[in-house]
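Next comes query20.pdb, a file with PDB, C-alpha atoms and all ligand atoms.
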```pdb
MODEL        1
ATOM      1  CA  MET R  12     200.313  -1.957 154.292  1.00  0.00           C
ATOM      2  CA  ARG R  13     203.091  -2.148 151.714  1.00  0.00           C
ATOM      3  CA  ASP R  14     205.005   0.410 149.708  1.00  0.00           C
ATOM      4  CA  GLY R  15     207.376  -2.056 148.111  1.00  0.00           C
ATOM      5  CA  SER R  16     210.005  -2.381 150.793  1.00  0.00           C
ATOM      6  CA  THR R  17     208.400  -1.394 154.075  1.00  0.00           C
ATOM      7  CA  VAL R  18     205.561  -3.009 155.957  1.00  0.00           C
ATOM      8  CA  PHE R  19     203.468  -0.592 158.011  1.00  0.00           C
ATOM      9  CA  LEU R  20     201.451  -2.060 160.859  1.00  0.00           C
ATOM     10  CA  PRO R  21     198.596  -0.296 162.618  1.00  0.00           C
ATOM     11  CA  ARG R  22     199.644   0.380 166.201  1.00  0.00           C
ATOM     12  CA  LYS R  23     196.142   0.097 167.605  1.00  0.00           C
ATOM     13  CA  ILE R  24     195.637  -3.560 166.781  1.00  0.00           C
ATOM     14  CA  ARG R  25     196.509  -6.434 169.110  1.00  0.00           C
ATOM     15  CA  LEU R  26     200.155  -7.502 169.178  1.00  0.00           C
ATOM     16  CA  GLU R  27     199.338 -11.014 167.922  1.00  0.00           C
ATOM     17  CA  ARG R  28     197.498  -9.419 164.986  1.00  0.00           C
ATOM     18  CA  GLN R  29     200.557  -7.277 164.240  1.00  0.00           C
ATOM     19  CA  HIS R  30     202.696 -10.426 164.229  1.00  0.00           C
ATOM     20  CA  GLY R  31     200.237 -12.156 161.908  1.00  0.00           C
ATOM     21  CA  LEU R  32     200.125  -9.191 159.514  1.00  0.00           C
ATOM     22  CA  ALA R  33     203.917  -8.917 159.428  1.00  0.00           C
ATOM     23  CA  ALA R  34     204.219 -12.653 158.693  1.00  0.00           C
ATOM     24  CA  HIS R  35     201.497 -12.348 156.025  1.00  0.00           C
ATOM     25  CA  GLU R  36     203.301  -9.506 154.250  1.00  0.00           C
ATOM     26  CA  ILE R  37     206.618 -11.360 154.465  1.00  0.00           C
ATOM     27  CA  GLY R  38     204.740 -14.306 152.943  1.00  0.00           C
ATOM     28  CA  HIS R  39     203.692 -12.116 149.987  1.00  0.00           C
ATOM     29  CA  PHE R  40     207.303 -10.996 149.574  1.00  0.00           C
ATOM     30  CA  LEU R  41     208.621 -14.564 149.638  1.00  0.00           C
ATOM     31  CA  LEU R  42     205.984 -15.798 147.172  1.00  0.00           C
ATOM     32  CA  ALA R  43     206.767 -12.967 144.760  1.00  0.00           C
ATOM     33  CA  THR R  44     210.505 -13.493 145.129  1.00  0.00           C
ATOM     34  CA  ALA R  45     210.140 -17.220 144.447  1.00  0.00           C
ATOM     35  CA  GLY R  46     207.886 -16.579 141.449  1.00  0.00           C
ATOM     36  CA  MET R  47     205.031 -18.491 143.045  1.00  0.00           C
ATOM     37  CA  GLU R  48     201.329 -17.596 142.949  1.00  0.00           C
ATOM     38  CA  ASN R  49     201.093 -14.549 145.191  1.00  0.00           C
ATOM     39  CA  SER R  50     197.527 -15.021 146.399  1.00  0.00           C
ATOM     40  CA  GLU R  51     195.917 -14.162 149.722  1.00  0.00           C
ATOM     41  CA  ASP R  52     195.448 -17.862 150.503  1.00  0.00           C
ATOM     42  CA  ASN R  53     199.120 -18.572 149.826  1.00  0.00           C
ATOM     43  CA  ALA R  54     200.262 -15.557 151.880  1.00  0.00           C
ATOM     44  CA  ARG R  55     198.035 -16.751 154.735  1.00  0.00           C
ATOM     45  CA  PHE R  56     199.610 -20.194 154.485  1.00  0.00           C
ATOM     46  CA  MET R  57     203.099 -18.664 154.486  1.00  0.00           C
ATOM     47  CA  ALA R  58     202.271 -16.586 157.573  1.00  0.00           C
ATOM     48  CA  GLY R  59     201.184 -19.710 159.458  1.00  0.00           C
ATOM     49  CA  ALA R  60     204.289 -21.567 158.340  1.00  0.00           C
ATOM     50  CA  LEU R  61     206.558 -18.705 159.430  1.00  0.00           C
ATOM     51  CA  VAL R  62     205.002 -18.331 162.879  1.00  0.00           C
ATOM     52  CA  LEU R  63     204.262 -22.014 163.570  1.00  0.00           C
ATOM     53  CA  SER R  64     206.897 -24.339 162.118  1.00  0.00           C
ATOM     54  CA  ARG R  65     205.276 -27.521 160.863  1.00  0.00           C
ATOM     55  CA  GLU R  66     207.180 -30.192 162.776  1.00  0.00           C
ATOM     56  CA  ASP R  67     207.182 -28.470 166.177  1.00  0.00           C
ATOM     57  CA  PHE R  68     203.589 -27.343 165.854  1.00  0.00           C
ATOM     58  CA  ALA R  69     202.419 -30.816 164.796  1.00  0.00           C
ATOM     59  CA  ASP R  70     203.993 -32.167 167.992  1.00  0.00           C
ATOM     60  CA  ASP R  71     202.352 -29.403 170.029  1.00  0.00           C
ATOM     61  CA  VAL R  72     198.943 -30.166 168.525  1.00  0.00           C
ATOM     62  CA  ILE R  73     199.243 -33.764 169.708  1.00  0.00           C
ATOM     63  CA  ARG R  74     200.595 -32.769 173.148  1.00  0.00           C
ATOM     64  CA  ALA R  75     197.760 -30.245 173.546  1.00  0.00           C
ATOM     65  CA  LYS R  76     195.177 -32.822 172.417  1.00  0.00           C
ATOM     66  CA  TRP R  77     193.885 -30.287 169.889  1.00  0.00           C
ATOM     67  CA  ASP R  78     193.068 -27.786 172.651  1.00  0.00           C
ATOM     68  CA  LEU R  79     193.286 -24.303 171.103  1.00  0.00           C
ATOM     69  CA  HIS R  80     193.497 -22.582 174.498  1.00  0.00           C
ATOM     70  CA  ARG R  81     196.499 -24.696 175.475  1.00  0.00           C
ATOM     71  CA  LEU R  82     198.137 -24.084 172.091  1.00  0.00           C
ATOM     72  CA  LYS R  83     197.562 -20.353 172.582  1.00  0.00           C
ATOM     73  CA  THR R  84     199.486 -20.390 175.871  1.00  0.00           C
ATOM     74  CA  TRP R  85     202.419 -22.040 174.086  1.00  0.00           C
ATOM     75  CA  HIS R  86     202.184 -19.767 171.019  1.00  0.00           C
ATOM     76  CA  PRO R  87     201.090 -16.347 172.296  1.00  0.00           C
ATOM     77  CA  ASN R  88     202.275 -14.636 169.088  1.00  0.00           C
ATOM     78  CA  ALA R  89     199.765 -16.547 166.980  1.00  0.00           C
ATOM     79  CA  SER R  90     196.088 -15.636 166.838  1.00  0.00           C
ATOM     80  CA  PHE R  91     193.464 -18.284 167.563  1.00  0.00           C
ATOM     81  CA  GLU R  92     192.522 -18.189 163.889  1.00  0.00           C
ATOM     82  CA  MET R  93     196.121 -18.822 162.833  1.00  0.00           C
ATOM     83  CA  LEU R  94     196.398 -21.683 165.336  1.00  0.00           C
ATOM     84  CA  ALA R  95     193.176 -23.263 164.056  1.00  0.00           C
ATOM     85  CA  ARG R  96     194.084 -22.861 160.376  1.00  0.00           C
ATOM     86  CA  ARG R  97     197.561 -24.270 160.999  1.00  0.00           C
ATOM     87  CA  LEU R  98     196.079 -27.192 162.928  1.00  0.00           C
ATOM     88  CA  ALA R  99     194.118 -28.087 159.782  1.00  0.00           C
ATOM     89  CA  GLN R 100     197.388 -28.061 157.829  1.00  0.00           C
ATOM     90  CA  VAL R 101     199.247 -30.455 160.122  1.00  0.00           C
ATOM     91  CA  GLU R 102     196.305 -32.762 160.874  1.00  0.00           C
ATOM     92  CA  ARG R 103     193.367 -34.041 158.859  1.00  0.00           C
ATOM     93  CA  ALA R 104     190.958 -31.634 160.488  1.00  0.00           C
ATOM     94  CA  ARG R 105     187.882 -29.554 159.938  1.00  0.00           C
ATOM     95  CA  VAL R 106     187.875 -26.010 161.306  1.00  0.00           C
ATOM     96  CA  GLU R 107     184.911 -23.658 161.384  1.00  0.00           C
ATOM     97  CA  ILE R 108     185.155 -20.093 162.653  1.00  0.00           C
ATOM     98  CA  VAL R 109     181.911 -18.484 163.710  1.00  0.00           C
ATOM     99  CA  ASP R 110     181.767 -14.738 164.399  1.00  0.00           C
ATOM    100  CA  ALA R 111     178.634 -13.336 166.028  1.00  0.00           C
ATOM    101  CA  GLY R 112     176.732 -16.490 165.090  1.00  0.00           C
ATOM    102  CA  ARG R 113     177.729 -16.427 161.395  1.00  0.00           C
ATOM    103  CA  ARG R 114     180.097 -19.031 159.988  1.00  0.00           C
ATOM    104  CA  ARG R 115     182.889 -17.042 158.362  1.00  0.00           C
ATOM    105  CA  VAL R 116     185.712 -19.498 157.705  1.00  0.00           C
ATOM    106  CA  VAL R 117     185.685 -23.176 156.894  1.00  0.00           C
ATOM    107  CA  VAL R 118     188.881 -25.146 156.422  1.00  0.00           C
ATOM    108  CA  GLY R 119     189.257 -28.831 155.688  1.00  0.00           C
ATOM    109  CA  PRO R 120     186.951 -31.584 154.533  1.00  0.00           C
ATOM    110  CA  GLN R 121     183.516 -32.340 155.946  1.00  0.00           C
ATOM    111  CA  THR R 122     183.191 -34.384 159.074  1.00  0.00           C
ATOM    112  CA  ARG R 123     180.380 -36.296 160.670  1.00  0.00           C
ATOM    113  CA  ARG R 124     182.385 -36.537 163.872  1.00  0.00           C
ATOM    114  CA  GLU R 125     181.826 -34.378 166.903  1.00  0.00           C
ATOM    115  CA  MET R 126     183.575 -31.026 166.791  1.00  0.00           C
ATOM    116  CA  ARG R 127     184.960 -29.290 169.844  1.00  0.00           C
ATOM    117  CA  ALA R 128     183.972 -25.647 170.299  1.00  0.00           C
ATOM    118  CA  PHE R 129     186.343 -23.045 171.725  1.00  0.00           C
ATOM    119  CA  GLU R 130     184.896 -19.713 172.809  1.00  0.00           C
ATOM    120  CA  ILE R 131     187.243 -16.859 172.113  1.00  0.00           C
ATOM    121  CA  ALA R 132     186.511 -13.562 173.818  1.00  0.00           C
ATOM    122  CA  SER R 133     189.034 -10.890 172.977  1.00  0.00           C
ATOM    123  CA  GLY R 134     188.981  -7.261 172.015  1.00  0.00           C
ATOM    124  CA  GLY R 135     185.216  -6.944 172.466  1.00  0.00           C
ATOM    125  CA  TYR R 136     184.170  -9.570 169.952  1.00  0.00           C
ATOM    126  CA  ARG R 137     182.759 -13.041 170.418  1.00  0.00           C
ATOM    127  CA  ARG R 138     184.078 -15.840 168.309  1.00  0.00           C
ATOM    128  CA  VAL R 139     183.612 -19.586 168.379  1.00  0.00           C
ATOM    129  CA  ILE R 140     186.115 -21.863 166.689  1.00  0.00           C
ATOM    130  CA  ARG R 141     185.026 -25.457 166.140  1.00  0.00           C
ATOM    131  CA  VAL R 142     187.689 -28.047 165.543  1.00  0.00           C
ATOM    132  CA  GLY R 143     187.249 -31.706 164.750  1.00  0.00           C
ATOM    133  CA  ARG R 144     188.942 -34.630 163.106  1.00  0.00           C
ATOM    134  CA  ALA R 145     187.878 -34.864 159.459  1.00  0.00           C
ATOM    135  CA  ASP R 146     186.361 -38.059 158.048  1.00  0.00           C
TER     136      ASP R 146
HETATM  137 ZN    ZN M 201     197.676 -10.237 151.691  1.00  0.00          ZN
ENDMDL
END
```
Let me see the structure of the file written as structure tokens.
Ligand SMILES: [Zn+2]
Amino acid sequence: MRDGSTVFLPRKIRLERQHGLAAHEIGHFLLATAGMENSEDNARFMAGALVLSREDFADDVIRAKWDLHRLKTWHPNASFEMLARRLAQVERARVEIVDAGRRRVVVGPQTRREMRAFEIASGGYRRVIRVGRAD
């Protein structure tokens, strides 16, 4: 992906994925430049912050009533995963991403509350993202 000054993006991946990868690599660059911990988690956070500015996105989350499909129509350059992860950064939320029946990503504290499930069908894979208000 990187050779020091150039970010190469695979052409065959979805456009939103290209945007996410570019933001992620810019995140690495910014973290390194600022002398901050240049970890994958931090680069992922930076990517979300670059694509979905905190204040505007927090307003959108409320306007969309936490509906990932509605948020996706307003933010077509962000993947569903980025939208869900960012939601958990602007709200006290629990996010679980389930690919082919296996829970792959968990963000946020436990919740005993009901979680809303969003089916994501794109690019030949089946994903379910569950979102709920954390306790
Ligand atoms: Zn990375």
For His86 of chain R, find every residue with an atom within 12 Å (counting all atoms listed in the file), except residues of its own chain fewer than 4 positions away, and show them as number ranges by chain. R: 27, 30, 59, 62-64, 67-68, 71-72, 75, 79-82, 90-91, 93-95, 97
Residues within 9 Å of ligand ZN 201 (chain M) should be enumerated using only C-alpha atoms and all ligand atoms and returned as a ChimeraX atom specification. /R:32,35-36,38-39,49-55
Can you tell me how far atom CA of Ile131 of chain R sits from atom CA of Lys23 of chain R, in Å to one decimal? 19.7 Å
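Atom to atom, atom CA of Glu102 of chain R and atom CA of Asn88 of chain R stand 20.8 Å apart.
For the choices R:Ala128, R:Ala43, R:Ala60, R:Leu26, the atom-to-atom distance to Gly143 of chain R is smallest for R:Ala128 when using all atoms listed in the file.
Taking all atoms listed in the file into account, Gln121 of chain R lies nearest to R:Asp146 out of the set R:Asp146, R:Arg103, R:Leu98, R:Asp78.
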Would you write out, as a PyMOL selection string, every residue that the PyMOL selection byres (((chain R and resi 104) around 12) and not hetatm) captures in this file? chain R and resi 72+77+95-103+105-107+117-127+141-146
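Using all atoms listed in the file, the smallest distance between any of R:Val116, R:Ile24, R:Met57, R:Ala132 and Phe40 of chain R comes from R:Met57.
Across the structure, atom CA of Gly46 of chain R and atom CA of Glu66 of chain R are spaced 25.3 Å apart.
If all atoms listed in the file are the atoms counted, then among R:Val109, R:Ala89, R:Ala34, R:Val139 the closest residue to Leu61 of chain R is R:Ala34.
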Just the residues within 12 Å of Arg137 of chain R, please, counting all atoms listed in the file, with nothing from its chain fewer than 3 positions along; format it as JSON, numbers by chain. {"R": [108, 109, 110, 111, 112, 113, 129, 130, 131, 132, 133, 134, 140]}
